[in-house]
file work_1.csv (CSV, C-alpha atoms)
chain,number,residue,atom,x,y,z
A,1,MET,CA,106.4,-12.3,173.7
A,2,ASN,CA,105.7,-9.2,171.8
A,3,THR,CA,104.0,-7.1,174.4
A,4,VAL,CA,104.8,-6.2,178.0
A,5,LEU,CA,101.6,-7.9,179.1
A,6,SER,CA,102.4,-11.2,177.5
A,7,ARG,CA,105.9,-11.2,179.0
A,8,ALA,CA,104.6,-10.3,182.4
A,9,ASN,CA,102.0,-13.1,182.1
A,10,SER,CA,104.6,-15.6,181.2
A,11,LEU,CA,107.0,-14.5,183.9
A,12,PHE,CA,104.4,-14.5,186.6
A,13,ALA,CA,103.1,-18.0,185.7
A,14,PHE,CA,106.6,-19.4,185.6
A,15,SER,CA,107.4,-17.9,189.0
A,16,LEU,CA,104.3,-19.4,190.5
A,17,SER,CA,105.1,-22.9,189.1
A,18,VAL,CA,108.6,-22.6,190.4
A,19,MET,CA,107.3,-21.6,193.9
A,20,ALA,CA,104.9,-24.6,193.9
A,21,ALA,CA,107.8,-26.9,193.1
A,22,LEU,CA,109.9,-25.4,195.9
A,23,THR,CA,107.0,-25.9,198.4
A,24,PHE,CA,106.7,-29.5,197.3
A,25,GLY,CA,110.5,-29.8,197.8
A,26,CYS,CA,110.1,-28.4,201.3
A,27,PHE,CA,107.4,-31.0,202.1
A,28,ILE,CA,109.5,-33.9,200.7
A,29,THR,CA,112.6,-33.1,202.8
A,30,THR,CA,110.6,-33.6,206.0
A,31,ALA,CA,107.9,-36.1,205.0
A,32,PHE,CA,109.5,-39.2,206.5
A,33,LYS,CA,110.9,-37.8,209.7
A,34,ASP,CA,110.1,-39.5,213.0
A,35,ARG,CA,108.4,-37.0,215.2
A,36,ARG,CA,108.3,-39.0,218.5
A,37,VAL,CA,110.0,-37.6,221.6
A,38,PRO,CA,110.3,-39.2,225.1
A,39,VAL,CA,107.8,-37.7,227.5
A,40,ASP,CA,107.7,-37.9,231.3
A,41,ILE,CA,104.2,-37.7,233.0
A,42,HIS,CA,103.6,-37.9,236.7
A,43,VAL,CA,100.3,-37.7,238.6
A,44,SER,CA,100.4,-36.2,242.0
A,45,ARG,CA,96.7,-36.0,243.2
A,46,VAL,CA,93.4,-37.4,242.0
A,47,MET,CA,90.0,-36.6,243.4
A,48,LEU,CA,86.6,-38.0,242.3
A,49,LYS,CA,83.2,-36.5,242.6
A,50,ASN,CA,79.7,-37.6,241.5
A,51,VAL,CA,77.9,-34.5,240.1
A,52,ASP,CA,75.0,-33.5,237.9
A,53,ASP,CA,76.1,-33.7,234.3
A,54,PHE,CA,73.7,-31.6,232.2
A,55,THR,CA,75.3,-32.7,228.9
A,56,GLY,CA,74.7,-36.4,229.4
A,57,PRO,CA,71.6,-38.5,229.4
A,58,ARG,CA,71.7,-39.5,233.0
A,59,GLU,CA,71.3,-37.6,236.3
A,60,ARG,CA,74.8,-37.9,237.8
A,61,SER,CA,78.2,-38.8,236.3
A,62,ASP,CA,81.7,-39.2,237.6
A,63,LEU,CA,83.9,-36.1,237.5
A,64,GLY,CA,87.6,-36.5,238.1
A,65,PHE,CA,90.1,-33.9,239.1
A,66,ILE,CA,93.8,-34.7,238.3
A,67,THR,CA,96.9,-32.7,239.2
A,68,PHE,CA,99.9,-33.7,237.1
A,69,ASP,CA,103.5,-32.9,236.3
A,70,LEU,CA,104.8,-32.9,232.8
A,71,SER,CA,108.3,-32.7,231.4
A,72,ALA,CA,109.4,-33.1,227.8
A,73,ASP,CA,111.9,-31.6,225.4
A,74,ILE,CA,110.2,-31.1,222.0
A,75,LYS,CA,113.0,-29.3,220.2
A,76,PRO,CA,113.9,-32.2,217.9
A,77,ILE,CA,110.4,-32.0,216.3
A,78,PHE,CA,110.8,-28.5,215.0
A,79,ASP,CA,112.3,-28.0,211.5
A,80,TRP,CA,111.8,-25.6,208.6
A,81,ASN,CA,108.5,-27.2,207.7
A,82,VAL,CA,106.9,-27.0,211.2
A,83,LYS,CA,104.8,-24.0,212.0
A,84,GLN,CA,103.4,-25.0,215.4
A,85,LEU,CA,102.7,-28.0,217.6
A,86,PHE,CA,99.3,-28.7,219.2
A,87,LEU,CA,100.0,-30.7,222.3
A,88,TYR,CA,97.2,-32.5,224.3
A,89,LEU,CA,97.1,-34.7,227.3
A,90,SER,CA,94.5,-37.4,227.1
A,91,ALA,CA,93.3,-40.1,229.5
A,92,GLU,CA,92.4,-43.5,228.2
A,93,TYR,CA,90.5,-46.2,230.2
A,94,THR,CA,87.9,-49.0,230.0
A,95,THR,CA,84.6,-49.2,231.8
A,96,LYS,CA,81.8,-51.7,232.1
A,97,SER,CA,79.6,-49.9,229.6
A,98,ASN,CA,82.3,-48.8,227.1
A,99,ALA,CA,85.3,-50.7,225.9
A,100,LEU,CA,87.4,-47.6,225.2
A,101,ASN,CA,87.1,-44.1,226.6
A,102,GLN,CA,89.4,-41.2,225.6
A,103,VAL,CA,89.1,-37.8,227.3
A,104,VAL,CA,91.3,-34.8,226.5
A,105,LEU,CA,92.3,-33.1,229.8
A,106,TRP,CA,94.7,-30.4,228.8
A,107,ASP,CA,96.2,-28.8,225.7
A,108,LYS,CA,98.7,-26.3,224.6
A,109,ILE,CA,99.9,-24.6,221.4
A,110,VAL,CA,103.6,-24.2,221.0
A,111,LEU,CA,104.6,-21.9,218.1
A,112,ARG,CA,108.0,-22.1,216.4
A,113,GLY,CA,110.4,-19.9,218.2
A,114,GLU,CA,108.9,-20.3,221.6
A,115,SER,CA,110.7,-22.2,224.4
A,116,THR,CA,110.6,-25.9,223.7
A,117,LYS,CA,111.5,-27.3,227.1
A,118,LEU,CA,108.3,-28.2,228.8
A,119,ASN,CA,108.7,-28.5,232.6
A,120,LEU,CA,105.3,-28.1,234.1
A,121,ARG,CA,104.6,-28.8,237.8
A,122,ASP,CA,101.3,-29.2,239.6
A,123,MET,CA,99.1,-28.5,236.6
A,124,LYS,CA,95.4,-28.8,236.9
A,125,SER,CA,93.4,-30.1,234.0
A,126,LYS,CA,91.9,-27.6,231.7
A,127,TYR,CA,88.8,-29.5,230.7
A,128,PHE,CA,86.3,-31.4,232.8
A,129,PHE,CA,87.1,-35.1,233.2
A,130,PHE,CA,83.5,-36.3,232.9
A,131,ASP,CA,82.8,-40.0,232.5
A,132,ASP,CA,80.0,-41.4,230.4
A,133,GLY,CA,78.3,-42.8,233.5
A,134,ASN,CA,79.9,-43.9,236.8
A,135,GLY,CA,82.9,-45.8,235.5
A,136,LEU,CA,85.7,-43.8,237.1
A,137,ARG,CA,85.1,-44.9,240.7
A,138,ALA,CA,87.5,-47.7,241.6
A,139,ASN,CA,88.8,-47.9,238.1
A,140,LYS,CA,92.0,-50.0,238.2
A,141,ASN,CA,93.8,-48.4,235.3
A,142,ILE,CA,93.6,-44.9,233.7
A,143,THR,CA,96.4,-44.1,231.3
A,144,LEU,CA,97.6,-40.6,230.7
A,145,THR,CA,99.5,-39.9,227.4
A,146,LEU,CA,100.8,-36.8,225.8
A,147,SER,CA,100.2,-36.5,222.0
A,148,TRP,CA,100.8,-33.8,219.5
A,149,ASN,CA,99.6,-32.7,216.1
A,150,VAL,CA,102.3,-31.2,213.9
A,151,VAL,CA,101.1,-28.3,211.8
A,152,PRO,CA,103.4,-27.9,208.8
A,153,ASN,CA,104.1,-25.2,206.3
A,154,ALA,CA,103.4,-27.6,203.5
A,155,GLY,CA,102.1,-31.2,203.5
A,156,ILE,CA,100.4,-33.6,205.8
A,157,LEU,CA,99.5,-33.0,209.5
A,158,PRO,CA,100.7,-36.1,211.4
A,159,LEU,CA,99.3,-37.0,214.8
A,160,VAL,CA,102.0,-38.4,217.0
A,161,MET,CA,101.9,-40.0,220.4
A,162,GLY,CA,104.8,-39.3,222.7
A,163,SER,CA,106.7,-42.3,224.1
A,164,GLY,CA,106.0,-42.3,227.8
A,165,HIS,CA,102.8,-42.7,229.7
A,166,MET,CA,101.5,-43.0,233.3
A,167,SER,CA,98.8,-45.3,234.5
A,168,VAL,CA,97.0,-44.6,237.8
A,169,PRO,CA,94.1,-46.3,239.6
A,170,PHE,CA,91.3,-44.1,240.7
A,171,PRO,CA,90.0,-43.8,244.3
A,172,GLU,CA,87.4,-46.2,245.6
A,173,SER,CA,85.0,-43.6,246.9
A,174,TYR,CA,83.9,-40.0,246.2
A,175,GLU,CA,85.2,-36.8,247.7
A,176,THR,CA,88.5,-38.4,248.8
A,177,THR,CA,91.8,-37.2,247.5
A,178,LYS,CA,94.4,-39.9,246.6
A,179,SER,CA,98.0,-38.8,246.4
A,180,TYR,CA,100.8,-40.6,244.5
B,181,MET,CA,97.1,-14.2,161.0
B,182,ILE,CA,97.7,-11.5,158.4
B,183,GLU,CA,94.1,-11.7,157.2
B,184,TYR,CA,92.4,-11.0,160.5
B,185,PHE,CA,93.2,-7.4,160.9
B,186,PRO,CA,93.5,-4.4,158.6
B,187,LEU,CA,97.0,-3.8,157.6
B,188,SER,CA,97.2,-0.5,159.5
B,189,PHE,CA,97.4,-2.5,162.7
B,190,TYR,CA,100.8,-3.9,161.9
B,191,SER,CA,102.4,-0.5,161.9
B,192,LEU,CA,101.7,-0.4,165.6
B,193,CYS,CA,104.0,-3.5,165.9
B,194,LEU,CA,106.9,-1.3,165.1
B,195,SER,CA,106.1,1.1,167.9
B,196,SER,CA,108.4,1.3,171.0
B,197,LYS,CA,106.1,-0.9,173.1
B,198,MET,CA,106.7,-4.2,171.3
B,199,ILE,CA,109.7,-6.3,170.6
B,200,ASN,CA,110.0,-8.9,167.9
B,201,PHE,CA,109.7,-12.6,168.2
B,202,ALA,CA,113.4,-13.8,168.2
B,203,ASN,CA,114.3,-11.4,171.0
B,204,GLY,CA,111.2,-12.3,172.9
B,205,LEU,CA,112.7,-15.7,173.1
B,206,LEU,CA,115.9,-14.1,174.5
B,207,ALA,CA,113.8,-12.3,177.2
B,208,GLU,CA,112.1,-15.6,178.1
B,209,GLN,CA,115.4,-17.4,178.4
B,210,ILE,CA,116.8,-14.6,180.6
B,211,PHE,CA,113.9,-14.6,183.1
B,212,GLN,CA,113.6,-18.3,183.2
B,213,GLY,CA,117.3,-18.6,184.0
B,214,ILE,CA,117.2,-15.9,186.7
B,215,ILE,CA,114.2,-17.4,188.4
B,216,LEU,CA,115.5,-20.9,188.3
B,217,ALA,CA,118.8,-19.8,189.7
B,218,SER,CA,117.2,-17.8,192.5
B,219,ALA,CA,115.0,-20.8,193.3
B,220,VAL,CA,118.0,-23.2,193.6
B,221,ILE,CA,119.9,-20.7,195.8
B,222,GLY,CA,116.8,-19.9,197.9
B,223,PHE,CA,116.0,-23.6,198.5
B,224,ALA,CA,119.6,-24.3,199.6
B,225,TYR,CA,119.7,-21.3,201.8
B,226,GLY,CA,116.4,-22.0,203.4
B,227,LEU,CA,117.4,-25.6,204.0
B,228,ILE,CA,120.6,-24.5,205.7
B,229,ILE,CA,119.1,-21.9,208.0
B,230,GLU,CA,115.9,-23.9,208.6
B,231,GLN,CA,113.5,-21.2,207.6
B,232,PHE,CA,111.3,-21.5,204.6
B,233,GLY,CA,110.5,-17.8,204.7
B,234,TRP,CA,114.0,-17.0,203.3
B,235,THR,CA,113.4,-19.3,200.3
B,236,VAL,CA,110.3,-17.3,199.5
B,237,TYR,CA,112.1,-14.0,199.9
B,238,ILE,CA,114.9,-15.0,197.6
B,239,VAL,CA,112.6,-16.3,194.9
B,240,LEU,CA,110.6,-13.0,195.1
B,241,GLY,CA,113.9,-11.1,194.8
B,242,GLY,CA,114.7,-13.1,191.7
B,243,PHE,CA,111.2,-12.3,190.3
B,244,ALA,CA,111.8,-8.6,190.9
B,245,VAL,CA,115.2,-8.7,189.2
B,246,SER,CA,113.8,-10.5,186.2
B,247,CYS,CA,110.8,-8.1,186.0
B,248,LEU,CA,113.3,-5.3,185.8
B,249,LEU,CA,115.4,-7.0,183.2
B,250,THR,CA,112.7,-8.4,180.9
B,251,LEU,CA,109.5,-6.3,181.2
B,252,PRO,CA,110.5,-2.9,179.8
B,253,PRO,CA,111.5,-3.1,176.1
B,254,TRP,CA,115.2,-2.5,176.5
B,255,PRO,CA,117.3,-1.8,173.3
B,256,MET,CA,119.0,-5.2,173.5
B,257,TYR,CA,115.8,-6.9,172.6
B,258,ARG,CA,115.5,-5.0,169.4
B,259,GLN,CA,118.7,-6.2,167.8
B,260,ASN,CA,117.2,-8.1,164.9
B,261,PRO,CA,114.2,-6.3,163.5
B,262,LEU,CA,112.0,-8.2,161.2
B,263,SER,CA,111.7,-6.8,157.7
B,264,TRP,CA,108.0,-6.3,157.1
B,265,GLN,CA,106.6,-6.5,153.6
B,266,PRO,CA,105.8,-3.1,152.0
B,267,ALA,CA,102.2,-2.1,152.3
B,268,LEU,CA,99.9,-3.4,149.6
B,269,PRO,CA,97.9,-1.0,147.5
B,270,GLU,CA,94.5,0.3,148.7
B,271,THR,CA,92.2,-1.9,146.5
B,272,THR,CA,93.3,-5.3,147.9
B,273,GLY,CA,93.0,-3.8,151.4
B,274,GLU,CA,89.3,-3.1,150.7
B,275,THR,CA,88.6,-6.5,149.3
B,276,LEU,CA,90.1,-8.0,152.5
B,277,GLN,CA,87.8,-5.9,154.7
B,278,LYS,CA,84.6,-6.6,152.7
B,279,PRO,CA,84.4,-10.4,153.5
B,280,GLN,CA,84.8,-9.5,157.2
B,281,GLU,CA,81.9,-7.1,157.0
B,282,ASN,CA,79.7,-9.7,155.3
B,283,LEU,CA,80.5,-12.2,158.0
B,284,LYS,CA,79.6,-9.7,160.7
B,285,LYS,CA,76.2,-9.0,159.0
B,286,LYS,CA,75.4,-12.7,158.9
B,287,LYS,CA,76.2,-13.2,162.6
B,288,HIS,CA,74.0,-10.3,163.7
B,289,LYS,CA,70.8,-11.7,162.2

call {"tool": "encode", "arguments": {"input": "work_1.csv", "output": "structure tokens"}}
result
Amino acid sequence: MNTVLSRANSLFAFSLSVMAALTFGCFITTAFKDRRVPVDIHVSRVMLKNVDDFTGPRERSDLGFITFDLSADIKPIFDWNVKQLFLYLSAEYTTKSNALNQVVLWDKIVLRGESTKLNLRDMKSKYFFFDDGNGLRANKNITLTLSWNVVPNAGILPLVMGSGHMSVPFPESYETTKSY
Amino acid sequence: MIEYFPLSFYSLCLSSKMINFANGLLAEQIFQGIILASAVIGFAYGLIIEQFGWTVYIVLGGFAVSCLLTLPPWPMYRQNPLSWQPALPETTGETLQKPQENLKKKKHK
């Protein structure tokens, strides 16, 4: 501790260690929190088409168009360790060729400080709902769920599914709109 | 340590830029105390208002305060000066330097 530089070195290293400990403390206070929130999803219209899918191995695939309503209050999830939430709406179903299919239809980033009451009506899907084949036609059960990825300031990024889902059957034929 | 450098080096230790060992400990205790106190206050405040940014700001403030208090060599750190031995006569100084020069010659082969 004789020179300014050695004191400065010691001071800076100590501050950094203390800061690391505080960050770990921030993580520990929110590590075991339950981040599920009730979610209400409603589907208003579904239309099905059979179109050229240039990304797949076959000539034509099923393409679905969904119009949905979404309402949820995500305020309880935010705390001092949450920087933003990445919400995404995914559709899950079974076909003859695949046991499980999951397609992301829509997503949104909610930063801390933005409005946390989600009340979306008549939303169109953001991404194409292509099937791996022709399994959407006359499918009995397609389940839509809202999930989110919590982006923290310090620690693990948990992937949480909201409690609340909606299952709809798809139309029997192409180019017809089914309303619910 | 006293054999590694020529004795004229130690006169620099008595210059205004350095403080002695016992008071260096005092400086270390002061800044550790300040930073720990600001860390505890900052953590509690951040937890209450739910913003981690404030915790960081308070710790940085504590860092700045302890920089100001411990980095410059204030007079309070020079309370107990060490009493250095009087300088040895020139002949022993030269014999101390000669083995160092021999070592340097051997290394630069």

call {"tool": "interface_residues", "arguments": {"input": "work_1.csv", "of": "chain A", "to": "chain B", "cutoff": "6 Å", "atoms": "all atoms listed in the file", "output": "list in words"}}
result
Met1, Asn2, Thr3, Val4 and Trp80 of chain A

call {"tool": "closest_atom_pairs", "arguments": {"input": "work_1.csv", "of": "range 16-95 of chain A", "to": "range 123-147 of chain A", "cutoff": "9 Å", "atoms": "only C-alpha atoms", "output": "tab-separated table"}}
result
residue	atom	partner	partner_atom	distance
A:Val39	CA	A:Leu146	CA	7.3
A:Asp40	CA	A:Leu146	CA	8.9
A:Ile41	CA	A:Leu144	CA	7.6
A:His42	CA	A:Leu144	CA	8.9
A:Val43	CA	A:Leu144	CA	8.8
A:Leu48	CA	A:Arg137	CA	7.2
A:Lys49	CA	A:Arg137	CA	8.8
A:Asn50	CA	A:Asn134	CA	7.9
A:Asp53	CA	A:Phe130	CA	8.0
A:Gly56	CA	A:Asp132	CA	7.4
A:Pro57	CA	A:Asp132	CA	8.9
A:Arg58	CA	A:Gly133	CA	7.4
A:Arg60	CA	A:Gly133	CA	7.4
A:Ser61	CA	A:Gly133	CA	4.9
A:Asp62	CA	A:Asn134	CA	5.1
A:Leu63	CA	A:Phe130	CA	4.6
A:Gly64	CA	A:Phe129	CA	5.1
A:Phe65	CA	A:Phe129	CA	6.7
A:Ile66	CA	A:Lys124	CA	6.3
A:Thr67	CA	A:Lys124	CA	4.8
A:Phe68	CA	A:Met123	CA	5.3
A:Asp69	CA	A:Met123	CA	6.2
A:Leu70	CA	A:Met123	CA	8.1
A:Phe86	CA	A:Ser147	CA	8.3
A:Leu87	CA	A:Ser147	CA	5.8
A:Tyr88	CA	A:Ser147	CA	5.5
A:Leu89	CA	A:Leu146	CA	4.5
A:Ser90	CA	A:Thr145	CA	5.6
A:Ala91	CA	A:Leu144	CA	4.5
A:Glu92	CA	A:Thr143	CA	5.1
A:Tyr93	CA	A:Ile142	CA	4.9
A:Thr94	CA	A:Ile142	CA	7.9
A:Thr95	CA	A:Gly135	CA	5.3

call {"tool": "closest_residue", "arguments": {"input": "work_1.csv", "among": "A:Glu59, A:Asp34, A:Asp79, A:Asp73", "to": "Ala154 in chain A", "atoms": "only C-alpha atoms"}}
result
A:Asp79

call {"tool": "atom_distance", "arguments": {"input": "work_1.csv", "atom1": "CA of Met166 in chain A", "atom2": "CA of Ser179 in chain A"}}
result
14.2 Å

call {"tool": "closest_residue", "arguments": {"input": "work_1.csv", "among": "A:Ala8, A:Leu118, A:Val168, A:Leu16", "to": "Ser71 in chain A", "atoms": "all atoms listed in the file"}}
result
A:Leu118

call {"tool": "atom_distance", "arguments": {"input": "work_1.csv", "atom1": "CA of Ser44 in chain A", "atom2": "CA of Ala99 in chain A"}}
result
26.4 Å

call {"tool": "atom_distance", "arguments": {"input": "work_1.csv", "atom1": "CA of Leu85 in chain A", "atom2": "CA of Leu159 in chain A"}}
result
10.0 Å

call {"tool": "closest_residue", "arguments": {"input": "work_1.csv", "among": "A:Phe14, A:Ser167, A:Val151, A:Asn81", "to": "Tyr180 in chain A", "atoms": "only C-alpha atoms"}}
result
A:Ser167

call {"tool": "closest_residue", "arguments": {"input": "work_1.csv", "among": "A:Ser163, A:Asn153, A:Thr177, A:Thr23", "to": "Arg36 in chain A", "atoms": "only C-alpha atoms"}}
result
A:Ser163

call {"tool": "axis_aligned_box", "arguments": {"input": "work_1.csv", "around": "range 99-118 of chain A", "padding_each_side": "8 Å", "output": "lines of an AutoDock Vina configuration file"}}
result
center_x = 98.4
center_y = -35.3
center_z = 223.1
size_x = 42.2
size_y = 46.8
size_z = 29.4
